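These notes concern the structure reproduced below.
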Amino acid sequence: MNLAEGIRNALAKLTGKSIIDESTIKSMIKDIQRALILSDVNIELVYKLSKEIEKRAKTEKPPVGRTMAEHIHAIVYEELTKIMGEGRKLELKPQRIMMLGLFGSGKTTQIGKLSHYLMKRGMSVGVIAADMMRPAAYEQLEQLSKQVGCSFYGKKGAKSTDVVREGLQKLKNDIIIIDTSGRDALDDELIKELKEIDEIAKPDEKILVMSADIGQIAKQQAEEFNNAVGLTGVIITKMDGSGKGGGALTACGVAGVKILFIGVGEKIDDIEEFKPEKFVGRLLGVPDFEALMEKIKAAAPEGIEEVPEELNIETFYKQLKAARKMGPLKGVFETMGMVNVPKEVLEQGEQKMDLYEAIINSMTKAERKNPDLIRKQPSRIDRISKGSGVPPAVIKEFISQFGKMKKIYERLQKNKGMQKNLMKMFKGKGLGF
Ligand code: GDP
Ligand code: MG
């Protein structure tokens, strides 16, 4: 039984019950505890979480319109989200990224995935093969770079520090990712090598790659690497193949390191930005309806329920932000009763939203109010491109699609109501989703 099944079975105890007594709550909590402990979540953390759920389930009254069972569902969702580690988004900007990790953690594979992820978002990527320990590390990275179409630099039999120095000179890409050596454990020799590479490359990101199957040991490992070279984040791989993913994620939360991505398979596309709400939503089966509704309410002051009279990029941005606060697109669709939206549409939607956020962040207030300014003065596009790291062609596409969307918006304006507005934004006629 995996974590998701365990949690779902626990919650199933509430289904259909109009009165939920103390023993039902206790038994549900016991099941949740068991599922978390099997997933190698730290015992103390499990007890803290249980206490919190129990206290809230006993003392809180469900809000109007919500049954007690639904409310407890929401409590479990919220409390699990709090312990599942903190996500952080990798900025789409020119930068150097150093990847670290022990043997077999999935470092080299994630470099392939990450390059692919970044290239899909318009960045040019080069990778440096500075793992001199693994016999076939060079070939593996070279092969991956061919597969994703990024630049590659490596030199067999050289010193890793020389390879990094030369690679940084040769590669002219926006983003450089450095693969480094691993070991069975972090030892002095590895620390020394990593420190030297750190000194030469001065990376913006130092990302530790850890496999989910190490469970709660992830805490200690993250702390050790953090003390040795300083980390900016971690990637937890093999979330697909290990029952201990919950343990690894919660351990990162305790260690205070942010989780950038999770690896969910061996293929080049099998990488996901880590968002605790999304992760827990999935654990609970259908992303939690009630929790989503809560978030919709919480997001309302930022403009989701208030339909802007005039749609400009400023008001669009507010809606985009508010919608994103609600969590994964899939959940948003499901809340609206659209359960069969194809996976590709959702994924593309998420990717586009990332790009749009980056573009809009680099626009001036005046441009957001009146995108015609950009159409009239194309030099603005170059400035936005530099600021956002998004290629000019994509920005042009955004402006043009925004124009189309605005027309649709104005037509649909008569039919106010949150659902319709959300659907307009995501379903996509004008936005090309
Ligand atoms: P490195 O020694 O840290 O560079 O590890 P590799 O990148 O060579 O990966 C070790 C093994 O883990 C390979 O067989 C990969 O295919 C596999 N792997 C990497 N990421 C994932 C993942 O997210 N899920 C699964 N199931 N396997 C993965
Ligand atoms: Mg490797």
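If you're wondering about the labels, chains in the structure tokens are A, B, ... by order shown, residues count from 1 in each chain, ligands from 1 in order shown.
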Do a neighbour search on Glu78 in chain A at 10 Å with only C-alpha atoms, toss out local chain neighbours closer than 2 positions, and write the hits as a PDB file with N, CA, C and O atoms, in the first residue's frame.
ATOM      1  N   ILE A  53      -4.465  17.572  13.765  1.00  0.00           N
ATOM      2  CA  ILE A  53      -5.695  17.151  13.085  1.00  0.00           C
ATOM      3  C   ILE A  53      -6.778  16.843  14.131  1.00  0.00           C
ATOM      4  O   ILE A  53      -7.922  17.275  14.012  1.00  0.00           O
ATOM      5  N   ILE A  72     -13.338  17.841   7.777  1.00  0.00           N
ATOM      6  CA  ILE A  72     -12.177  17.063   8.239  1.00  0.00           C
ATOM      7  C   ILE A  72     -11.251  16.745   7.057  1.00  0.00           C
ATOM      8  O   ILE A  72     -10.026  16.813   7.157  1.00  0.00           O
ATOM      9  N   HIS A  73     -11.849  16.449   5.936  1.00  0.00           N
ATOM     10  CA  HIS A  73     -11.092  16.280   4.692  1.00  0.00           C
ATOM     11  C   HIS A  73     -10.187  17.488   4.450  1.00  0.00           C
ATOM     12  O   HIS A  73      -9.000  17.358   4.174  1.00  0.00           O
ATOM     13  N   ALA A  74     -10.794  18.667   4.563  1.00  0.00           N
ATOM     14  CA  ALA A  74     -10.049  19.909   4.325  1.00  0.00           C
ATOM     15  C   ALA A  74      -8.938  20.088   5.361  1.00  0.00           C
ATOM     16  O   ALA A  74      -7.836  20.540   5.045  1.00  0.00           O
ATOM     17  N   ILE A  75      -9.229  19.717   6.611  1.00  0.00           N
ATOM     18  CA  ILE A  75      -8.219  19.837   7.675  1.00  0.00           C
ATOM     19  C   ILE A  75      -7.020  18.935   7.359  1.00  0.00           C
ATOM     20  O   ILE A  75      -5.861  19.354   7.433  1.00  0.00           O
ATOM     21  N   VAL A  76      -7.310  17.703   6.971  1.00  0.00           N
ATOM     22  CA  VAL A  76      -6.225  16.760   6.647  1.00  0.00           C
ATOM     23  C   VAL A  76      -5.393  17.302   5.482  1.00  0.00           C
ATOM     24  O   VAL A  76      -4.165  17.288   5.504  1.00  0.00           O
ATOM     25  N   LEU A  80      -1.465  18.199   6.044  1.00  0.00           N
ATOM     26  CA  LEU A  80      -0.476  17.457   5.262  1.00  0.00           C
ATOM     27  C   LEU A  80       0.344  18.421   4.399  1.00  0.00           C
ATOM     28  O   LEU A  80       1.562  18.288   4.267  1.00  0.00           O
ATOM     29  N   THR A  81      -0.341  19.391   3.828  1.00  0.00           N
ATOM     30  CA  THR A  81       0.360  20.365   2.982  1.00  0.00           C
ATOM     31  C   THR A  81       1.450  21.093   3.776  1.00  0.00           C
ATOM     32  O   THR A  81       2.528  21.357   3.269  1.00  0.00           O
ATOM     33  N   LYS A  82       1.133  21.375   5.041  1.00  0.00           N
ATOM     34  CA  LYS A  82       2.109  22.100   5.880  1.00  0.00           C
ATOM     35  C   LYS A  82       3.402  21.313   6.095  1.00  0.00           C
ATOM     36  O   LYS A  82       4.462  21.910   6.264  1.00  0.00           O
ATOM     37  N   ILE A  83       3.319  19.984   6.147  1.00  0.00           N
ATOM     38  CA  ILE A  83       4.545  19.231   6.460  1.00  0.00           C
ATOM     39  C   ILE A  83       5.288  18.705   5.237  1.00  0.00           C
ATOM     40  O   ILE A  83       6.394  18.202   5.347  1.00  0.00           O
ATOM     41  N   PRO A 276       3.597  21.691  -2.835  1.00  0.00           N
ATOM     42  CA  PRO A 276       3.011  20.821  -1.812  1.00  0.00           C
ATOM     43  C   PRO A 276       1.502  20.635  -1.986  1.00  0.00           C
ATOM     44  O   PRO A 276       0.999  19.527  -1.819  1.00  0.00           O
ATOM     45  N   GLU A 277       0.792  21.707  -2.346  1.00  0.00           N
ATOM     46  CA  GLU A 277      -0.676  21.578  -2.469  1.00  0.00           C
ATOM     47  C   GLU A 277      -1.019  20.579  -3.559  1.00  0.00           C
ATOM     48  O   GLU A 277      -1.958  19.794  -3.443  1.00  0.00           O
ATOM     49  N   VAL A 280      -0.203  16.996  -2.337  1.00  0.00           N
ATOM     50  CA  VAL A 280      -1.180  16.487  -1.373  1.00  0.00           C
ATOM     51  C   VAL A 280      -2.543  16.307  -2.045  1.00  0.00           C
ATOM     52  O   VAL A 280      -3.250  15.336  -1.793  1.00  0.00           O
ATOM     53  N   GLY A 281      -2.880  17.223  -2.936  1.00  0.00           N
ATOM     54  CA  GLY A 281      -4.128  17.093  -3.682  1.00  0.00           C
ATOM     55  C   GLY A 281      -4.201  15.735  -4.360  1.00  0.00           C
ATOM     56  O   GLY A 281      -5.223  15.064  -4.361  1.00  0.00           O
ATOM     57  N   ALA A 291     -11.035  21.971  -0.338  1.00  0.00           N
ATOM     58  CA  ALA A 291      -9.836  22.777  -0.147  1.00  0.00           C
ATOM     59  C   ALA A 291      -9.670  23.753  -1.302  1.00  0.00           C
ATOM     60  O   ALA A 291      -9.264  24.896  -1.113  1.00  0.00           O
TER      61      ALA A 291
END
Self-check item: All residues having an atom within 9 Å of ligand 2 (only C-alpha atoms and all ligand atoms) as a list in words
Solution: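 Here is the list of contacting residues: Gly101, Leu102, Phe103, Gly104, Ser105, Gly106, Lys107, Thr108, Thr109, Ala129, Asp131, Met133, Arg134, Ala136, Ala137, Tyr138, Gln140, Leu141, Asp179, Thr180, Ser181 and Gly182 of chain A.
Computed from the coordinates, the CA of Gln143 in chain A to CA of Met119 in chain A distance equals 16.5 Å.
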Quiz item: So which one's closest to ligand 1, A:Met210, A:Val257, A:Met363, A:Ile200? Using only C-alpha atoms and all ligand atoms, please.
Solution: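 For ligand 1, the nearest of the candidates is A:Met210.
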Exercise. Kindly indicate which residue among A:Glu205, A:Asp174, A:Glu350, A:Asp40 lies nearest to Pro391 in chain A, using only C-alpha atoms for the distances.
Key: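 The closest residue to Pro391 in chain A is A:Asp174.
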Quiz item: What gap, in Å, lies between CA of Ile19 in chain A and CA of Leu283 in chain A?
Solution: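 These two atoms are separated by 25.0 Å.
Distances to Gly233 in chain A were evaluated for A:Gly253, A:Pro94, A:Gly246, A:Gly387 using only C-alpha atoms, and the minimum falls at A:Gly253.
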Practice problem: Any chance you could list, as a PyMOL selection string, the residues in range 40-146 of chain A that come up strand (DSSP E) when DSSP is run on the backbone? | Solution: chain A and resi 95-100+125-130
Practice problem: Determine which residues of range 21-183 of chain A DSSP labels as helix (DSSP H, G or I) from the backbone of this structure, then write them out as a PyMOL selection string. | Solution: chain A and resi 22-38+43-59+68-83+107-120+137-148+160-170
Exercise. Could you give me, as number ranges by chain, the residues within 9 Å of range 168-173 of chain A, counting only C-alpha atoms and dropping anything in the same chain fewer than 2 positions from it?
Key: A: 94, 123-128, 150-153, 163-166, 175-176, 201
Kindly export the residues of the current selection with C-alpha atoms, as an mmCIF file, in the first residue's frame.
data_model
loop_
_atom_site.group_PDB
_atom_site.id
_atom_site.type_symbol
_atom_site.label_atom_id
_atom_site.label_comp_id
_atom_site.auth_asym_id
_atom_site.auth_seq_id
_atom_site.Cartn_x
_atom_site.Cartn_y
_atom_site.Cartn_z
ATOM 1 C CA PRO A 94 20.555 33.194 -17.544
ATOM 2 C CA MET A 123 16.141 29.127 -22.662
ATOM 3 C CA SER A 124 19.300 27.902 -24.363
ATOM 4 C CA VAL A 125 21.153 25.357 -22.282
ATOM 5 C CA GLY A 126 24.685 23.956 -22.181
ATOM 6 C CA VAL A 127 25.871 21.128 -19.947
ATOM 7 C CA ILE A 128 29.346 20.365 -18.609
ATOM 8 C CA CYS A 150 21.453 21.226 -25.779
ATOM 9 C CA SER A 151 25.178 22.086 -26.007
ATOM 10 C CA PHE A 152 27.694 19.787 -24.345
ATOM 11 C CA TYR A 153 31.224 20.146 -23.087
ATOM 12 C CA VAL A 163 36.760 20.747 -17.458
ATOM 13 C CA VAL A 164 34.543 23.272 -15.659
ATOM 14 C CA ARG A 165 36.875 26.185 -16.424
ATOM 15 C CA GLU A 166 37.105 25.278 -20.108
ATOM 16 C CA ILE A 175 22.026 28.481 -18.733
ATOM 17 C CA ILE A 176 24.987 26.256 -17.916
ATOM 18 C CA ALA A 201 31.924 28.417 -11.430
#
Quiz item: Near Leu45 in chain A, within 10 Å and counting only C-alpha atoms, which residues show up once chain neighbours fewer than 6 positions away are dropped, as a PyMOL selection string?
Solution: chain A and resi 33+36-37+51+83+250-251+254
Quiz item: Looking at only C-alpha atoms and all ligand atoms, which of A:Met239, A:Val394, A:Leu311, A:Ala248 is the one that sits closest to ligand 1?
Solution: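 Of all the options, A:Met239 lies closest to ligand 1.
With distances restricted to only C-alpha atoms, A:Gln401 is the closest residue to Pro371 in chain A from A:Leu3, A:Ala358, A:Pro392, A:Gln401.
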Quiz prompt | Which of A:Leu11, A:Val209, A:Cys252, A:Leu90 sits closest to ligand 1 [using only C-alpha atoms and all ligand atoms] | solution = A:Val209
Practice problem: Tell me which protein, DNA and RNA residues are within 12 Å of Thr232 in chain A, counting only C-alpha atoms, leaving out same-chain ones fewer than 2 positions away, and put them as a PyMOL selection string. | Solution: chain A and resi 87-91+97-100+203-209+222-223+225-227+229-230+234-235+256-260
Quiz item: Could you name the residues that touch Glu272 in chain A at 9 Å or less, counting only C-alpha atoms, but leaving out those on the same chain fewer than 3 positions away, as a ChimeraX atom specification?
Solution: /A:260-264,269,275
Using the selection just defined, write its residues with C-alpha atoms as a PDB file, in the first residue's frame.
ATOM      1  CA  LEU A 260      12.576  22.670  -6.693  1.00  0.00           C
ATOM      2  CA  PHE A 261      11.443  19.598  -8.578  1.00  0.00           C
ATOM      3  CA  ILE A 262      10.461  15.999  -8.164  1.00  0.00           C
ATOM      4  CA  GLY A 263      11.535  13.280 -10.590  1.00  0.00           C
ATOM      5  CA  VAL A 264       8.692  10.963 -11.462  1.00  0.00           C
ATOM      6  CA  ASP A 269       9.681  14.558 -19.458  1.00  0.00           C
ATOM      7  CA  LYS A 275       4.130  22.277  -5.147  1.00  0.00           C
TER       8      LYS A 275
END
